[in-house]
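Enquirer: The file below is protein-v5.txt, compact mmCIF, C-alpha atoms:
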# COMPACT_ATOMS: atom_id res chain seq x y z
CA MET A 19 108.18 121.04 139.03
CA LYS A 20 107.88 122.45 135.50
CA ARG A 21 110.80 120.31 134.39
CA ARG A 22 109.16 117.22 135.84
CA LEU A 23 105.90 118.02 134.02
CA THR A 24 107.81 118.46 130.75
CA PHE A 25 109.48 115.11 131.33
CA ILE A 26 106.12 113.43 132.01
CA PHE A 27 104.64 115.08 128.90
CA VAL A 28 107.56 113.92 126.70
CA PHE A 29 107.33 110.45 128.24
CA LEU A 30 103.59 110.23 127.56
CA VAL A 31 103.99 111.44 123.97
CA GLY A 32 106.72 108.85 123.48
CA MET A 33 104.53 106.11 124.93
CA LEU A 34 101.61 107.19 122.76
CA SER A 35 103.65 107.19 119.57
CA ALA A 36 104.89 103.69 120.39
CA TRP A 37 101.36 102.57 121.29
CA LEU A 38 99.61 103.84 118.15
CA PRO A 39 101.41 101.61 115.60
CA ALA A 40 100.95 98.71 118.02
CA ARG A 41 97.19 99.42 118.15
CA ALA A 42 97.15 99.55 114.35
CA GLN A 43 98.83 96.15 114.26
CA ASP A 44 96.32 94.77 116.79
CA SER A 45 93.31 95.85 114.74
CA SER A 46 94.79 94.43 111.52
CA ASP A 47 95.48 91.19 113.43
CA ALA A 48 91.78 91.01 114.35
CA SER A 49 90.75 91.64 110.73
CA LEU A 50 93.18 88.97 109.52
CA SER A 51 91.76 86.49 112.05
CA LYS A 52 88.25 87.16 110.70
CA LEU A 53 89.44 86.47 107.17
CA GLU A 54 91.12 83.28 108.35
CA GLU A 55 87.76 81.98 109.59
CA LYS A 56 86.30 82.43 106.11
CA ALA A 57 89.27 81.11 104.13
CA SER A 58 89.63 77.56 102.90
CA LYS A 59 93.41 77.82 103.08
CA THR A 60 95.62 80.21 105.01
CA VAL A 61 99.37 80.59 104.72
CA ASP A 62 101.24 82.94 107.05
CA VAL A 63 104.94 83.62 106.70
CA SER A 64 106.63 85.70 109.40
CA LEU A 65 110.22 86.82 109.14
CA ASP A 66 111.24 88.77 112.19
CA GLN A 67 114.57 90.56 112.51
CA SER A 68 116.49 87.48 113.69
CA MET A 69 115.18 85.45 110.75
CA LEU A 70 115.98 88.26 108.34
CA GLN A 71 119.52 88.40 109.69
CA PHE A 72 119.74 84.63 109.26
CA ALA A 73 118.38 84.86 105.69
CA ASP A 74 120.89 87.62 105.00
CA ARG A 75 123.71 85.09 105.39
CA PHE A 76 122.41 83.15 102.40
CA LEU A 77 122.49 86.09 100.06
CA ASN A 78 125.59 86.34 97.96
CA GLU A 79 127.25 89.78 97.92
CA LYS A 80 128.84 88.96 94.54
CA ASP A 81 125.42 88.55 92.92
CA ALA A 82 124.08 92.02 92.02
CA ASP A 83 120.41 91.21 92.77
CA GLN A 84 121.21 89.45 96.03
CA ALA A 85 123.53 92.29 97.09
CA LYS A 86 120.63 94.74 96.60
CA ALA A 87 118.31 92.48 98.61
CA ARG A 88 120.93 92.39 101.40
CA ARG A 89 120.98 96.18 101.59
CA ILE A 90 117.18 96.25 101.85
CA ILE A 91 117.01 93.49 104.45
CA ALA A 92 119.61 95.17 106.67
CA LYS A 93 117.16 98.01 107.40
CA LEU A 94 114.06 95.88 107.94
CA ARG A 95 112.52 94.82 111.24
CA GLY A 96 110.16 92.23 109.84
CA VAL A 97 108.32 90.87 106.82
CA TYR A 98 104.87 89.36 107.35
CA VAL A 99 102.88 87.73 104.56
CA HIS A 100 99.32 86.46 104.96
CA ASN A 101 97.70 84.64 102.07
CA PHE A 102 94.07 83.55 102.08
CA GLU A 103 92.37 81.31 99.56
CA PHE A 104 88.60 81.10 99.37
CA GLU A 105 86.39 78.40 97.92
CA LYS A 106 84.09 80.72 95.99
CA ASP A 107 83.68 84.33 94.90
CA GLY A 108 82.26 86.68 97.48
CA SER A 109 83.58 84.72 100.46
CA TYR A 110 85.04 87.90 101.87
CA SER A 111 83.12 91.16 101.94
CA ALA A 112 83.86 94.82 101.32
CA ASP A 113 83.55 95.29 105.10
CA ASP A 114 86.35 92.76 105.65
CA LEU A 115 88.56 94.80 103.34
CA ALA A 116 87.50 98.06 104.99
CA ALA A 117 88.47 96.63 108.38
CA LEU A 118 91.85 95.65 106.95
CA ARG A 119 92.38 99.18 105.63
CA LEU A 120 91.22 100.89 108.83
CA PRO A 121 94.63 101.01 110.58
CA LEU A 122 96.08 102.45 107.37
CA LYS A 123 93.87 105.53 107.61
CA GLY A 124 96.19 107.04 110.23
CA PRO A 125 98.15 110.22 109.43
CA GLU A 126 101.44 108.34 108.95
CA TRP A 127 100.01 106.12 106.25
CA SER A 128 99.29 107.04 102.66
CA ARG A 129 98.13 105.00 99.71
CA ILE A 130 100.49 105.51 96.82
CA VAL A 131 99.42 102.76 94.43
CA ASN A 132 95.99 101.44 93.55
CA VAL A 133 95.93 99.18 90.51
CA LYS A 134 92.61 97.76 89.38
CA SER A 135 92.58 95.17 86.65
CA LYS A 136 89.23 94.51 84.98
CA HIS A 137 90.77 91.62 83.09
CA ASN A 138 91.12 89.28 86.10
CA ASP A 139 89.34 91.29 88.81
CA GLU A 140 92.64 91.89 90.53
CA ASN A 141 93.21 94.86 92.77
CA VAL A 142 96.52 95.88 94.32
CA GLU A 143 96.86 98.63 96.89
CA VAL A 144 100.18 99.79 98.29
CA TYR A 145 100.38 101.90 101.46
CA PHE A 146 103.51 103.53 102.84
CA ARG A 147 104.18 104.67 106.38
CA LYS A 148 106.23 107.84 106.52
CA VAL A 149 107.78 109.04 109.78
CA ASP A 150 109.98 112.15 109.93
CA GLY A 151 110.34 112.14 106.16
CA LYS A 152 111.50 108.53 106.02
CA PHE A 153 109.56 105.54 104.74
CA GLN A 154 109.23 103.25 107.76
CA GLY A 155 106.84 100.59 106.58
CA LEU A 156 104.70 99.29 103.80
CA VAL A 157 101.50 97.34 103.41
CA VAL A 158 100.36 95.66 100.22
CA ILE A 159 96.80 94.39 99.88
CA ALA A 160 96.33 92.29 96.77
CA THR A 161 92.86 90.90 96.11
CA GLN A 162 91.32 88.54 93.61
CA PRO A 163 87.81 87.06 93.81
CA THR A 164 89.04 83.92 95.55
CA GLN A 165 92.35 85.11 96.96
CA LEU A 166 93.63 87.83 99.26
CA THR A 167 97.23 88.61 100.15
CA TYR A 168 98.27 91.02 102.88
CA VAL A 169 101.94 91.91 103.14
CA HIS A 170 103.40 94.04 105.91
CA ILE A 171 107.01 95.10 105.65
CA ASP A 172 108.20 96.82 108.80
CA GLY A 173 111.35 98.93 108.74
CA GLU A 174 113.16 101.59 106.76
CA ILE A 175 112.36 101.21 103.10
CA ASP A 176 113.53 102.84 99.92
CA PRO A 177 110.55 102.54 97.51
CA ASP A 178 112.88 102.24 94.50
CA GLU A 179 114.82 99.40 96.09
CA LEU A 180 111.67 97.72 97.29
CA MET A 181 110.43 96.47 93.93
CA GLN A 182 113.47 94.19 93.95
CA LEU A 183 112.03 92.29 96.92
CA GLY A 184 109.02 91.23 94.81
CA GLY A 185 109.07 87.51 94.17
CA GLN A 186 111.21 86.85 97.27
CA PHE A 187 110.12 85.86 100.81
CA GLY A 188 106.57 85.26 99.52
CA ILE A 189 106.06 88.90 98.53
CA PRO A 190 104.05 89.02 95.31
CA ARG A 191 105.80 90.52 92.33
CA VAL A 192 103.81 93.44 90.95
CA ASP A 193 104.35 93.40 87.21
CA VAL A 194 102.94 96.33 85.34
CA ASP A 195 101.51 95.07 82.09
CA HIS A 196 102.14 97.58 79.32
CA SER A 197 100.76 95.38 76.57
CA ASP A 198 97.35 97.14 76.48
CA LYS A 199 99.03 100.53 76.29
CA ASP A 200 101.27 99.30 73.46
CA LYS A 201 98.26 97.93 71.61
CA ASP A 202 96.48 101.29 72.02
CA LYS A 203 99.51 103.10 70.61
CA GLU A 204 99.60 100.76 67.62
CA LYS A 205 95.86 101.33 67.07
CA ASP A 206 96.39 105.11 67.21
CA LYS A 207 99.20 104.86 64.65
CA GLU A 208 96.99 102.80 62.32
CA LYS A 209 94.18 105.34 62.71
CA ASP A 210 96.60 108.16 61.85
CA LYS A 211 97.73 106.26 58.74
CA ASP A 212 94.15 105.67 57.64
CA LYS A 213 93.31 109.34 58.14
CA LYS A 214 96.34 110.40 56.11
CA GLY A 215 95.32 107.95 53.34
CA GLU A 216 91.79 109.33 53.28
CA ASP A 217 93.10 112.91 53.14
CA GLU A 218 95.39 112.05 50.22
CA MET B 5 137.37 66.84 145.96
CA SER B 6 137.29 70.30 144.43
CA ARG B 7 138.70 68.87 141.16
CA ARG B 8 135.92 66.30 141.07
CA ALA B 9 133.34 69.00 141.75
CA LEU B 10 134.77 71.09 138.91
CA ASP B 11 134.64 68.09 136.54
CA LEU B 12 131.05 67.47 137.53
CA LEU B 13 130.20 71.12 137.00
CA LEU B 14 131.84 70.99 133.54
CA VAL B 15 129.84 67.89 132.55
CA VAL B 16 126.63 69.51 133.75
CA ALA B 17 127.43 72.74 131.89
CA LEU B 18 128.15 70.81 128.67
CA ALA B 19 124.94 68.85 129.02
CA ILE B 20 122.72 71.91 129.51
CA PRO B 21 122.33 72.71 125.76
CA CYS B 22 121.34 69.06 125.08
CA PHE B 23 118.75 69.15 127.84
CA ALA B 24 117.52 72.55 126.63
CA GLY B 25 116.96 71.12 123.14
CA ASP B 26 115.20 68.10 124.64
CA ARG B 27 113.16 70.29 126.96
CA GLU B 28 111.74 72.33 124.06
CA PHE B 29 110.94 69.25 122.01
CA ASN B 30 109.44 67.46 125.01
CA SER B 31 107.34 70.49 125.92
CA VAL B 32 105.76 70.52 122.43
CA VAL B 33 105.18 66.75 122.59
CA SER B 34 103.62 67.19 126.02
CA THR B 35 101.37 69.98 124.69
CA VAL B 36 100.06 67.68 121.91
CA GLU B 37 99.49 64.90 124.46
CA THR B 38 97.63 67.18 126.85
CA GLN B 39 95.54 68.94 124.21
CA TYR B 40 94.40 65.85 122.36
CA GLY B 41 94.65 63.19 125.07
CA VAL B 42 97.10 60.96 123.17
CA HIS B 43 100.55 59.49 123.71
CA LYS B 44 103.34 59.55 121.20
CA MET B 45 103.79 56.33 119.27
CA HIS B 46 106.72 54.09 119.96
CA VAL B 47 108.54 53.79 116.67
CA PRO B 48 110.89 50.77 116.78
CA LEU B 49 114.54 51.67 116.25
CA LEU B 50 113.74 55.37 115.78
CA GLY B 51 116.40 56.29 118.33
CA PHE B 52 118.96 54.11 116.52
CA ALA B 53 117.96 55.62 113.15
CA THR B 54 118.40 59.20 114.38
CA PHE B 55 121.73 58.19 115.97
CA CYS B 56 122.88 56.75 112.60
CA LEU B 57 121.73 59.93 110.90
CA LYS B 58 123.79 61.94 113.34
CA MET B 59 126.88 59.75 112.91
CA ALA B 60 126.55 59.67 109.11
CA GLY B 61 126.76 63.44 109.15
CA THR B 62 123.80 64.25 106.94
CA PRO B 63 124.82 67.50 105.24
CA GLY B 64 123.38 70.49 107.02
CA THR B 65 121.56 68.52 109.71
CA SER B 66 123.19 67.98 113.06
CA ASP B 67 120.28 66.89 115.24
CA MET B 68 116.83 65.47 114.65
CA LYS B 69 113.98 64.41 116.91
CA ILE B 70 110.66 62.95 115.81
CA ALA B 71 107.43 62.17 117.62
CA VAL B 72 104.46 60.58 115.88
CA PHE B 73 100.89 60.48 117.18
CA GLN B 74 98.20 58.27 115.69
CA HIS B 75 94.47 57.77 116.22
CA MET B 76 94.27 61.28 117.55
CA PRO B 77 90.75 62.64 118.02
CA ARG B 78 90.80 66.05 116.40
CA PRO B 79 87.35 67.05 115.18
CA ARG B 80 86.89 69.66 112.47
CA GLY B 81 86.76 73.13 113.91
CA SER B 82 88.83 72.14 116.94
CA SER B 83 90.71 74.93 118.63
CA ASP B 84 93.92 74.93 116.63
CA LEU B 85 94.66 78.52 117.50
CA GLU B 86 94.44 77.74 121.21
CA PHE B 87 96.82 74.84 120.59
CA GLU B 88 99.17 77.16 118.74
CA GLN B 89 99.17 79.60 121.65
CA ARG B 90 100.06 76.78 124.05
CA VAL B 91 102.92 75.60 121.83
CA THR B 92 104.20 79.16 121.43
CA SER B 93 104.22 79.78 125.17
CA SER B 94 105.81 76.40 125.91
CA LEU B 95 108.69 77.13 123.51
CA GLY B 96 109.58 80.55 124.87
CA PRO B 97 110.47 83.88 123.27
CA GLU B 98 113.58 82.69 121.44
CA TRP B 99 111.40 80.65 119.12
CA GLN B 100 109.57 82.55 116.40
CA ARG B 101 106.67 81.34 114.35
CA PHE B 102 107.97 81.25 110.78
CA VAL B 103 105.26 79.57 108.73
CA ARG B 104 101.70 78.57 109.48
CA VAL B 105 99.45 76.74 107.03
CA ARG B 106 95.83 75.93 107.72
CA THR B 107 93.61 74.08 105.26
CA GLN B 108 89.92 73.54 105.88
CA GLU B 109 89.45 70.93 103.15
CA ASN B 110 91.61 68.28 104.80
CA ASN B 111 91.55 69.82 108.29
CA GLY B 112 95.33 70.23 108.18
CA PHE B 113 97.37 72.54 110.38
CA THR B 114 101.13 73.01 110.17
CA ILE B 115 103.28 75.40 112.13
CA ILE B 116 107.02 75.85 111.69
CA TYR B 117 108.93 77.60 114.45
CA THR B 118 112.53 78.70 114.13
CA ASN B 119 115.23 79.57 116.59
CA ALA B 120 118.03 81.26 114.66
CA GLY B 121 121.42 81.21 116.33
CA GLU B 122 124.84 82.38 115.20
CA LYS B 123 125.99 79.09 113.67
CA ASP B 124 122.81 77.13 113.27
CA ILE B 125 119.06 77.32 113.10
CA LYS B 126 116.69 75.05 114.96
CA MET B 127 113.31 74.28 113.42
CA MET B 128 110.28 72.80 115.12
CA ILE B 129 107.70 71.48 112.68
CA VAL B 130 104.31 70.61 114.12
CA THR B 131 101.83 68.98 111.73
CA LEU B 132 98.26 68.13 112.68
CA GLN B 133 96.09 66.00 110.41
CA PRO B 134 92.49 64.88 111.08
CA ASP B 135 93.65 61.64 112.67
CA ASP B 136 97.36 61.99 113.40
CA ALA B 137 100.13 64.43 114.24
CA THR B 138 103.90 64.73 113.91
CA VAL B 139 106.42 66.83 115.78
CA VAL B 140 109.89 67.14 114.24
CA GLN B 141 112.82 69.14 115.55
CA VAL B 142 115.88 69.62 113.38
CA LYS B 143 119.04 71.60 113.83
CA LEU B 144 120.55 72.93 110.63
CA LYS B 145 124.09 74.22 110.31
CA SER B 146 124.00 77.61 108.60
CA SER B 147 127.35 77.06 106.85
CA ASP B 148 126.18 73.81 105.22
CA LEU B 149 122.79 75.29 104.39
CA LYS B 150 124.46 78.22 102.65
CA ARG B 151 126.61 75.86 100.58
CA TRP B 152 123.51 73.83 99.63
CA ILE B 153 121.63 76.96 98.58
CA ASP B 154 124.59 78.41 96.65
CA ASP B 155 125.51 75.21 94.84
CA PRO B 156 122.89 72.45 95.24
CA GLU B 157 124.21 70.33 92.34
CA GLY B 158 127.82 70.57 93.47
CA MET B 159 126.89 69.66 97.04
CA ALA B 160 124.80 66.70 95.85
CA ASP B 161 127.71 65.44 93.70
CA GLN B 162 130.12 65.88 96.60
CA ASP B 163 127.78 64.01 98.92
CA ALA B 164 127.34 61.16 96.41
CA HIS B 165 131.13 60.80 96.05
CA GLU B 166 131.65 60.76 99.81
CA ASN B 167 129.08 58.00 100.25
Take the structure in the file and give it back as C-alpha cells.
Expert:
Amino acid sequence: MKRRLTFIFVFLVGMLSAWLPARAQDSSDASLSKLEEKASKTVDVSLDQSMLQFADRFLNEKDADQAKARRIIAKLRGVYVHNFEFEKDGSYSADDLAALRLPLKGPEWSRIVNVKSKHNDENVEVYFRKVDGKFQGLVVIATQPTQLTYVHIDGEIDPDELMQLGGQFGIPRVDVDHSDKDKDKEKDKEKDKDKKGEDE
Amino acid sequence: MSRRALDLLLVVALAIPCFAGDREFNSVVSTVETQYGVHKMHVPLLGFATFCLKMAGTPGTSDMKIAVFQHMPRPRGSSDLEFEQRVTSSLGPEWQRFVRVRTQENNGFTIIYTNAGEKDIKMMIVTLQPDDATVVQVKLKSSDLKRWIDDPEGMADQDAHEN
C-alpha cells in the first residue's frame, strides 16, 4: 500500500513538473495572441526538432561557425521567433509586456541580461531556464517603440555557445556597443592630461 | 490469380505516397473552398506545365502543385486564425507550421507548413490576399537543396550548362 502511494506521489510530481512548463507556454501563447491583435505586421517562425534536424544537414562541418551551430542545434528541441511591428509608439502597453514576462517568474527562470539603450529606446531582456543545474531554455524579449521580438529557444543550451546563434534562424544578434565606453575612457585620459598640465 | 493479386497490391502500395501527397494538398484546397465559399480557378495547361517542370528536373524540386482562387470574399478582420486551425488539423501532425506572416495594412496572411522527411522536405504555402488566394505544394530534395545552399553560383552555372 505504502509502495503504491509512493508510486502515485512520484507519478503526480512527474505529471506536475511536465505540466508547469506547458502552462507557462500556454500563458505566453495567450499574451502573444493579444500582441498580434495590436500589431500591424506579425512574423512567426517555428523550428521544431524535425526542422532543426533538417536544417542541421545544411550546415557544413568543415566551416568552424557552422560546426559550432551544429553542436548547439543537436541539443535543441525547438526555436520559436515571434516578431511584431506596430504602426505607432505606445501600441503595446507595459501590461502586455508584464503578461509576457509572467511565465518567466517561475523558480526555474532567471533574468540574466537586461540591456536598456536610451539612444534608440531599445530594451533587451534575456531569461534562462535552469533545471538540475543545466540550462534548459532561453527567452529573449527585445523591445523598441514600434517593434517587439520574442524568442524562445527550448532545449539544452550552453550560454557561451548561444551567442553564436545570433543572426541565424531569425534570432536577433545582440551586439554590445562599446563605443560610448571607449569615448568615456578617451575623455578621462584627456581630463587627466589637462590636470597634469595645470599642475605643471 | 495470386500473382495478379500481388501485382495489384504492389501497384496500390506504390501509388499510396502519390495519393497521400494529393490528399494533403486537396484537403487544404477544400478547406479554402469551404471557408470562403469559392472554387479553385481552372488554369489552362497548368497540369502540362507542372508535368514539364517535373520532366525537366528542376534542381531541388521534384513535385509541385498549385491552386489559385480569385474573387474570394475575405473581409478585413475575417477569422484567419480559425482558418489556420482548420488547415493545421486537415494536414495532420506530420506537418509543422514553419512560418506565418500576417499584415494588417494589405490584409495579407501567409502560412508555410513543412513536412521534413529523410531525403526530402515537403512545403505547403498558403497565401491569402484581400481578394484572392494561392495554395502551393512543393517537394524539395534535401541533397539538391544542400548543394544549392553550399554553392549557389556553381549550381547555377552547372544548370545553365545543362540547359
Enquirer: Define the interface residues of chain A facing chain B as those within 6 Å, counting all atoms listed in the file, and report them as a list of chain:residue names.
Expert: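 Here is what falls inside 6 Å: A:Ser58, A:Lys59, A:Thr60, A:Val61, A:Asp62, A:Val63, A:Ser64, A:Phe76.
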Enquirer: Can you pull out the residues contacting range 160-176 of chain A? Cut-off 8 Å, using all atoms listed in the file, and skip same-chain residues under 4 positions away; I want them as number ranges by chain.
Expert: A: 90, 93-109, 138-143, 152-156, 180, 189
Enquirer: Please indicate the distance in Å from CA of Val91 in chain B to CA of Leu53 in chain A, rounded to one decimal place.
Expert: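 For CA of Val91 in chain B relative to CA of Leu53 in chain A, the distance reads 22.7 Å.
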Enquirer: Work out where the centre of an axis-aligned box around every listed atom of range 127-135 of chain B lies and how long its edges are once 6 Å is added on each side; give both in Å to one decimal as AutoDock Vina command-line options.
Expert:
--center_x 102.9 --center_y 68.0 --center_z 112.8 --size_x 32.8 --size_y 24.6 --size_z 16.7
Enquirer: Rounded to one decimal, what separation in Å do you get between CA of Val139 in chain B and CA of Phe73 in chain B?
Expert: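 So the answer is 8.5 Å.
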Enquirer: What does the distance from CA of Phe87 in chain B to CA of Ser34 in chain B come to in Å, to one decimal?
Expert: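 That distance, rounded to one decimal, is 11.6 Å.
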Enquirer: Using only C-alpha atoms, find the one residue out of B:Asp135, B:Met76, B:Ser31, B:Asp26 that sits nearest to Ser93 in chain B.
Expert: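 Among the listed residues, the smallest separation from Ser93 in chain B belongs to B:Ser31.
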Enquirer: As an NGL selection string, please: the residues near Lys44 in chain B (cut-off 8 Å, all atoms listed in the file, same-chain neighbours under 5 positions excluded).
Expert: :B and (33 or 37 or 71-74)
